[in-house]
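Visitor: Coordinates in structure.cif, mmCIF, C-alpha atoms, are listed below.
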```cif
data_protein
#
loop_
_atom_site.label_atom_id
_atom_site.label_comp_id
_atom_site.auth_asym_id
_atom_site.auth_seq_id
_atom_site.Cartn_x
_atom_site.Cartn_y
_atom_site.Cartn_z
CA GLN A 1 -2.96 -28.74 -3.75
CA GLN A 2 -1.19 -25.59 -2.61
CA GLN A 3 -4.18 -23.40 -3.45
CA VAL A 4 -6.55 -21.63 -1.14
CA LYS A 5 -9.89 -20.86 -2.76
CA GLN A 6 -11.70 -17.75 -1.55
CA SER A 7 -15.22 -16.49 -2.17
CA PRO A 8 -16.94 -14.22 -2.88
CA GLN A 9 -14.77 -11.96 -5.00
CA SER A 10 -16.66 -8.91 -3.79
CA LEU A 11 -19.30 -8.16 -1.19
CA ILE A 12 -21.50 -5.20 -0.39
CA VAL A 13 -23.29 -4.96 2.95
CA GLN A 14 -25.11 -2.28 4.88
CA LYS A 15 -23.66 -0.85 8.06
CA GLY A 16 -24.40 -3.22 10.93
CA GLY A 17 -24.59 -6.25 8.63
CA ILE A 18 -22.49 -9.40 9.00
CA PRO A 19 -20.37 -10.07 5.93
CA ILE A 20 -19.09 -13.63 5.62
CA ILE A 21 -16.06 -14.59 3.55
CA ASN A 22 -15.29 -18.22 2.87
CA CYS A 23 -12.10 -20.11 2.11
CA ALA A 24 -11.32 -23.73 1.28
CA TYR A 25 -8.07 -25.64 1.05
CA GLU A 26 -6.86 -29.08 -0.01
CA ASN A 27 -3.48 -29.47 1.61
CA THR A 28 -4.01 -31.18 4.97
CA ALA A 29 -0.49 -30.16 6.02
CA PHE A 30 -1.71 -26.58 6.46
CA ASP A 31 -1.99 -25.84 10.16
CA TYR A 32 -2.12 -22.07 10.40
CA PHE A 33 -4.88 -19.99 8.87
CA PRO A 34 -4.59 -16.19 9.11
CA TRP A 35 -6.80 -13.48 7.69
CA TYR A 36 -5.27 -10.29 6.39
CA GLN A 37 -6.91 -6.91 5.81
CA GLN A 38 -5.60 -4.59 3.12
CA PHE A 39 -6.55 -0.96 2.57
CA PRO A 40 -5.79 0.76 -0.75
CA GLY A 41 -2.17 1.79 -0.99
CA LYS A 42 -1.15 -0.23 2.06
CA GLY A 43 0.35 -3.61 2.70
CA PRO A 44 -1.74 -6.45 4.15
CA ALA A 45 -2.07 -6.46 7.94
CA LEU A 46 -2.85 -9.48 10.11
CA LEU A 47 -6.40 -9.39 11.43
CA ILE A 48 -6.90 -12.71 13.17
CA ALA A 49 -5.57 -16.26 12.84
CA ILE A 50 -6.64 -19.75 13.82
CA ARG A 51 -5.11 -23.20 14.13
CA PRO A 52 -6.97 -26.48 13.46
CA ASP A 53 -7.27 -27.44 17.12
CA VAL A 54 -10.12 -24.97 17.65
CA SER A 55 -13.34 -24.51 15.70
CA GLU A 56 -13.85 -20.82 16.38
CA LYS A 57 -11.86 -17.78 17.41
CA LYS A 58 -13.11 -14.29 18.20
CA GLU A 59 -11.21 -11.04 18.38
CA GLY A 60 -13.42 -8.04 18.84
CA ARG A 61 -15.94 -7.93 15.99
CA PHE A 62 -14.01 -10.49 13.91
CA THR A 63 -14.67 -14.24 14.16
CA ILE A 64 -13.06 -17.15 12.35
CA SER A 65 -15.04 -20.37 12.04
CA PHE A 66 -13.01 -23.44 11.15
CA ASN A 67 -14.28 -26.79 9.84
CA LYS A 68 -11.38 -29.22 9.74
CA SER A 69 -13.28 -32.13 8.19
CA ALA A 70 -14.59 -29.95 5.35
CA LYS A 71 -11.25 -28.14 5.02
CA GLN A 72 -13.01 -24.81 5.10
CA PHE A 73 -12.77 -21.67 7.18
CA SER A 74 -14.60 -18.39 7.15
CA LEU A 75 -14.40 -14.85 8.45
CA HIS A 76 -17.42 -13.12 9.97
CA ILE A 77 -17.43 -9.41 10.72
CA MET A 78 -20.04 -8.49 13.32
CA ASP A 79 -21.72 -5.08 13.29
CA SER A 80 -19.75 -4.07 10.20
CA GLN A 81 -18.76 -0.41 9.81
CA PRO A 82 -17.82 1.70 6.79
CA GLY A 83 -14.24 1.70 8.13
CA ASP A 84 -14.16 -2.08 7.56
CA SER A 85 -14.32 -1.47 3.81
CA ALA A 86 -11.14 -3.11 2.53
CA THR A 87 -9.85 -6.20 0.76
CA TYR A 88 -9.68 -9.32 2.89
CA PHE A 89 -7.36 -12.22 2.20
CA CYS A 90 -7.41 -15.62 3.77
CA ALA A 91 -4.14 -17.52 3.84
CA ALA A 92 -2.66 -20.80 4.93
CA SER A 93 0.73 -21.98 6.04
CA THR A 94 2.47 -25.01 7.44
CA SER A 95 4.43 -24.91 10.71
CA GLY A 96 8.02 -25.88 10.31
CA ALA A 97 11.13 -24.46 8.75
CA THR A 98 9.36 -21.73 6.83
CA ASN A 99 6.37 -19.49 7.29
CA LYS A 100 5.45 -18.87 3.68
CA LEU A 101 1.85 -17.84 3.26
CA ILE A 102 -0.40 -19.16 0.51
CA PHE A 103 -3.05 -16.53 -0.07
CA GLY A 104 -6.59 -16.71 -1.34
CA THR A 105 -7.63 -14.42 -4.18
CA GLY A 106 -9.10 -11.75 -1.94
CA THR A 107 -12.57 -10.32 -1.25
CA LEU A 108 -13.31 -6.66 -1.77
CA LEU A 109 -15.74 -5.63 0.96
CA ALA A 110 -17.77 -2.43 0.83
CA VAL A 111 -19.81 -1.47 3.88
CA GLN A 112 -22.38 1.16 2.99
CA PRO A 113 -23.41 3.75 5.62
CA ASP B 1 2.98 1.64 10.42
CA SER B 2 4.28 -1.95 10.43
CA GLY B 3 7.92 -0.99 10.92
CA VAL B 4 8.90 -2.57 7.59
CA THR B 5 10.23 -0.07 5.07
CA GLN B 6 10.44 -0.48 1.33
CA THR B 7 12.06 1.70 -1.28
CA PRO B 8 11.29 3.00 -3.75
CA LYS B 9 7.55 3.46 -3.43
CA HIS B 10 7.05 3.65 -7.18
CA LEU B 11 9.25 2.54 -10.04
CA ILE B 12 8.62 3.00 -13.75
CA THR B 13 10.98 1.34 -16.18
CA ALA B 14 11.13 -0.10 -19.67
CA THR B 15 11.04 -3.68 -20.86
CA GLY B 16 14.41 -5.39 -20.77
CA GLN B 17 15.70 -3.28 -17.90
CA ARG B 18 16.85 -4.36 -14.45
CA VAL B 19 15.66 -2.93 -11.12
CA THR B 20 16.43 -3.45 -7.45
CA LEU B 21 13.82 -3.23 -4.73
CA ARG B 22 14.95 -2.71 -1.18
CA CYS B 23 13.44 -3.81 2.12
CA SER B 24 14.38 -3.07 5.71
CA PRO B 25 12.69 -5.44 8.16
CA ARG B 26 11.30 -4.48 11.55
CA SER B 27 13.94 -4.01 14.16
CA GLY B 28 14.92 -7.43 15.53
CA ASP B 29 13.19 -9.48 12.84
CA LEU B 30 15.46 -12.10 11.29
CA SER B 31 13.23 -13.47 8.54
CA VAL B 32 12.26 -11.60 5.38
CA TYR B 33 9.69 -12.60 2.79
CA TRP B 34 8.95 -11.23 -0.69
CA TYR B 35 5.49 -11.38 -2.23
CA GLN B 36 4.16 -10.22 -5.60
CA GLN B 37 0.63 -8.86 -5.92
CA SER B 38 -0.90 -8.59 -9.37
CA LEU B 39 -4.46 -8.41 -10.64
CA ASP B 40 -4.34 -11.77 -12.38
CA GLN B 41 -2.18 -13.76 -9.94
CA GLY B 42 -3.20 -12.25 -6.62
CA LEU B 43 -0.72 -12.30 -3.73
CA GLN B 44 2.03 -14.82 -4.42
CA PHE B 45 4.96 -15.84 -2.26
CA LEU B 46 8.28 -15.40 -4.03
CA ILE B 47 11.13 -16.13 -1.65
CA GLN B 48 12.10 -16.12 2.02
CA TYR B 49 15.36 -15.46 3.83
CA TYR B 50 16.29 -16.15 7.41
CA ASN B 51 19.39 -14.61 8.95
CA GLY B 52 21.05 -14.20 5.57
CA GLU B 53 20.24 -17.64 4.19
CA GLU B 54 17.58 -18.56 1.66
CA ARG B 55 14.88 -20.54 3.49
CA ALA B 56 12.10 -21.12 0.96
CA LYS B 57 11.33 -20.45 -2.65
CA GLY B 58 7.95 -19.99 -4.23
CA ASN B 59 6.88 -18.96 -7.72
CA ILE B 60 9.94 -16.85 -8.38
CA LEU B 61 11.10 -16.50 -11.96
CA GLU B 62 14.71 -17.26 -12.88
CA ARG B 63 15.03 -13.61 -13.96
CA PHE B 64 14.42 -12.62 -10.34
CA SER B 65 16.88 -13.00 -7.51
CA ALA B 66 17.12 -11.83 -3.94
CA GLN B 67 19.49 -11.68 -1.04
CA GLN B 68 19.56 -10.74 2.61
CA PHE B 69 22.57 -8.82 3.85
CA PRO B 70 24.39 -9.05 7.22
CA ASP B 71 22.45 -6.02 8.49
CA LEU B 72 19.30 -8.05 7.62
CA HIS B 73 17.98 -5.74 4.93
CA SER B 74 16.99 -7.51 1.73
CA GLU B 75 17.01 -6.69 -1.95
CA LEU B 76 14.93 -8.18 -4.74
CA ASN B 77 16.53 -7.92 -8.16
CA LEU B 78 14.33 -8.13 -11.25
CA SER B 79 16.04 -8.36 -14.62
CA SER B 80 15.05 -8.57 -18.30
CA LEU B 81 11.79 -7.01 -17.27
CA GLU B 82 8.61 -7.82 -19.16
CA LEU B 83 5.25 -6.06 -19.22
CA GLY B 84 3.82 -8.87 -17.12
CA ASP B 85 6.21 -8.09 -14.26
CA SER B 86 4.23 -4.94 -13.52
CA ALA B 87 2.87 -5.50 -10.02
CA LEU B 88 3.06 -4.51 -6.39
CA TYR B 89 5.98 -6.12 -4.61
CA PHE B 90 5.67 -6.52 -0.86
CA CYS B 91 8.29 -7.34 1.67
CA ALA B 92 7.30 -8.82 5.01
CA SER B 93 9.30 -9.70 8.08
CA SER B 94 8.92 -11.84 11.17
CA LEU B 95 11.09 -12.50 14.19
CA LEU B 96 11.59 -16.15 13.24
CA PRO B 97 10.49 -18.26 10.25
CA ASP B 98 7.66 -19.96 12.12
CA THR B 99 3.90 -19.55 12.14
CA SER B 100 4.07 -18.56 15.80
CA TYR B 101 5.42 -15.23 14.68
CA GLU B 102 3.31 -12.71 12.78
CA GLN B 103 4.45 -11.50 9.39
CA TYR B 104 4.45 -7.71 9.14
CA PHE B 105 4.10 -6.31 5.64
CA GLY B 106 5.70 -3.19 4.27
CA PRO B 107 3.84 -0.61 2.16
CA GLY B 108 5.05 -2.17 -1.09
CA THR B 109 6.84 -1.02 -4.23
CA ARG B 110 4.66 -0.46 -7.27
CA LEU B 111 6.58 -1.50 -10.39
CA THR B 112 5.34 -0.40 -13.78
CA VAL B 113 7.08 -1.81 -16.85
CA THR B 114 6.34 0.08 -20.08
#
```
For this file, produce the structure as structure tokens.
Guide:
Amino acid sequence: QQQVKQSPQSLIVQKGGIPIINCAYENTAFDYFPWYQQFPGKGPALLIAIRPDVSEKKEGRFTISFNKSAKQFSLHIMDSQPGDSATYFCAASTSGATNKLIFGTGTLLAVQP
Amino acid sequence: DSGVTQTPKHLITATGQRVTLRCSPRSGDLSVYWYQQSLDQGLQFLIQYYNGEERAKGNILERFSAQQFPDLHSELNLSSLELGDSALYFCASSLLPDTSYEQYFGPGTRLTVT
């Protein structure tokens, strides 16, 4: 019940395309859903996050769509660029005494020029 | 640069040995988290400290231990190392242990057990 399932494992798109990465969870106590971006040799970095009281959040070219009833959320990258090539992780956490993140398995995105 | 520092960057050691990984959180951050990243297990939460006290435990083996010192830096101790402990170990920090505060990740320590 603590798992976050992420798909696809890898994704190749052309420059300008819109890659979509999906995540699903079971634990209804989760109330914070961040996406992290990781480049080779670096630690993960927060990209964008959403809470269940909204269905969509946009920051620049990155959009999170959230479906509370289906317990699913997804990341869309608009007008993708080769510089977006990285591994993307969804995560979930529960507000309260801790902030431990439960991560999905990651999606390796390659944006071809 | 997240402001979180980790040393060493790389560590190669033999099975059965003990190692210590060090983390300095961002200036002002009181909460420190340790995560393990491996090919088969992905990114897994190990343990969290807040202002020197253990706050949460995840999938941390009994052979592993951690602490946070009064100056807020943290150390992760791994003992009786096995081949399967080879992984990237990340430290993250946040101002407070709450989802309102972003976790900033360090560059990681790559541990290789031979």
Visitor: Using all atoms listed in the file, can you tell me which of A:Lys15, A:Lys57, A:Lys71, A:Lys5 comes closest to Phe30 (chain A)?
Guide: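 Closest to Phe30 (chain A) of all the choices is A:Lys71.
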Visitor: Check what the PyMOL selection byres ((chain A) within 7 of (chain B)) selects in the file above and give those residues as a compact mmCIF listing (two decimals) with C-alpha atoms, keeping the file's coordinate frame.
Guide:
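And here is the file that came out, result.txt:
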```
# COMPACT_ATOMS: atom_id res chain seq x y z
CA TYR A 32 -2.12 -22.07 10.40
CA LYS A 42 -1.15 -0.23 2.06
CA GLY A 43 0.35 -3.61 2.70
CA PRO A 44 -1.74 -6.45 4.15
CA ALA A 45 -2.07 -6.46 7.94
CA SER A 95 4.43 -24.91 10.71
CA GLY A 96 8.02 -25.88 10.31
CA ALA A 97 11.13 -24.46 8.75
CA THR A 98 9.36 -21.73 6.83
CA ASN A 99 6.37 -19.49 7.29
CA LYS A 100 5.45 -18.87 3.68
CA LEU A 101 1.85 -17.84 3.26
CA ILE A 102 -0.40 -19.16 0.51
CA PHE A 103 -3.05 -16.53 -0.07
CA THR A 105 -7.63 -14.42 -4.18
```
Visitor: Need to verify the contact set: region 51-56 of chain A, 8 Å, all atoms listed in the file, exclusion of same-chain residues closer than 5 positions in sequence. Can you return it as a ChimeraX atom specification?
Guide: /A:31-33,63-68
Visitor: Please save C-alpha atoms of the selected residues as a JSON list (two decimals), in the frame of the given file.
Guide:
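Once written, selection21.json looks like this:
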```json
[["chain", "number", "residue", "atom", "x", "y", "z"],
["A", 31, "ASP", "CA", -1.99, -25.84, 10.16],
["A", 32, "TYR", "CA", -2.12, -22.07, 10.40],
["A", 33, "PHE", "CA", -4.88, -19.99, 8.87],
["A", 63, "THR", "CA", -14.67, -14.24, 14.16],
["A", 64, "ILE", "CA", -13.06, -17.15, 12.35],
["A", 65, "SER", "CA", -15.04, -20.37, 12.04],
["A", 66, "PHE", "CA", -13.01, -23.44, 11.15],
["A", 67, "ASN", "CA", -14.28, -26.79, 9.84],
["A", 68, "LYS", "CA", -11.38, -29.22, 9.74]]
```
Visitor: Using all atoms listed in the file, can you tell me which of A:Met78, A:Ala110, A:Cys23, A:Leu46 comes closest to Gly60 (chain A)?
Guide: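 Counting all atoms listed in the file, the residue closest to Gly60 (chain A) is A:Met78.
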Visitor: For the file shown, what are the residues hit by the PyMOL selection byres ((chain A and resi 113) around 10), laid out as a list in words?
Guide: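 With the shown file as input, the PyMOL selection byres ((chain A and resi 113) around 10) matches Val13, Gln14, Lys15, Gly16, Ser80, Gln81, Pro82, Gly83, Ala110, Val111 and Gln112 of chain A.
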Visitor: Counting only C-alpha atoms, figure out which residue out of A:Gly17, A:Ser93, A:Pro40, A:Trp35 gets nearest to Ser74 (chain A).
Guide: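 For Ser74 (chain A), the nearest of the given residues is A:Trp35.
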Visitor: Could you state which residues are captured by the PyMOL selection byres ((chain B and resi 17) around 9) in this file, as a ChimeraX atom specification?
Guide: /B:13-16,18-19,78-82,113
Visitor: Once 4 Å is added on each side, what centre and edge lengths in Å to one decimal does the axis-aligned box around all listed atoms of region 12-19 of chain A have, as lines of an AutoDock Vina configuration file?
Guide:
```
center_x = -22.7
center_y = -5.5
center_z = 5.3
size_x = 12.7
size_y = 17.2
size_z = 19.3
```
Visitor: Nearest residue to Ala91 (chain A) out of A:Pro19, A:Pro34, A:Gly41, A:Gly106, using all atoms listed in the file?
Guide: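 The shortest atom-to-atom distance to Ala91 (chain A) comes from A:Pro34.
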Visitor: Got a sec: who's within 8 Å of Gln2 (chain A), counting only C-alpha atoms, leaving out chain neighbours fewer than 3 positions off, as number ranges by chain?
Guide: A: 25-27, 102
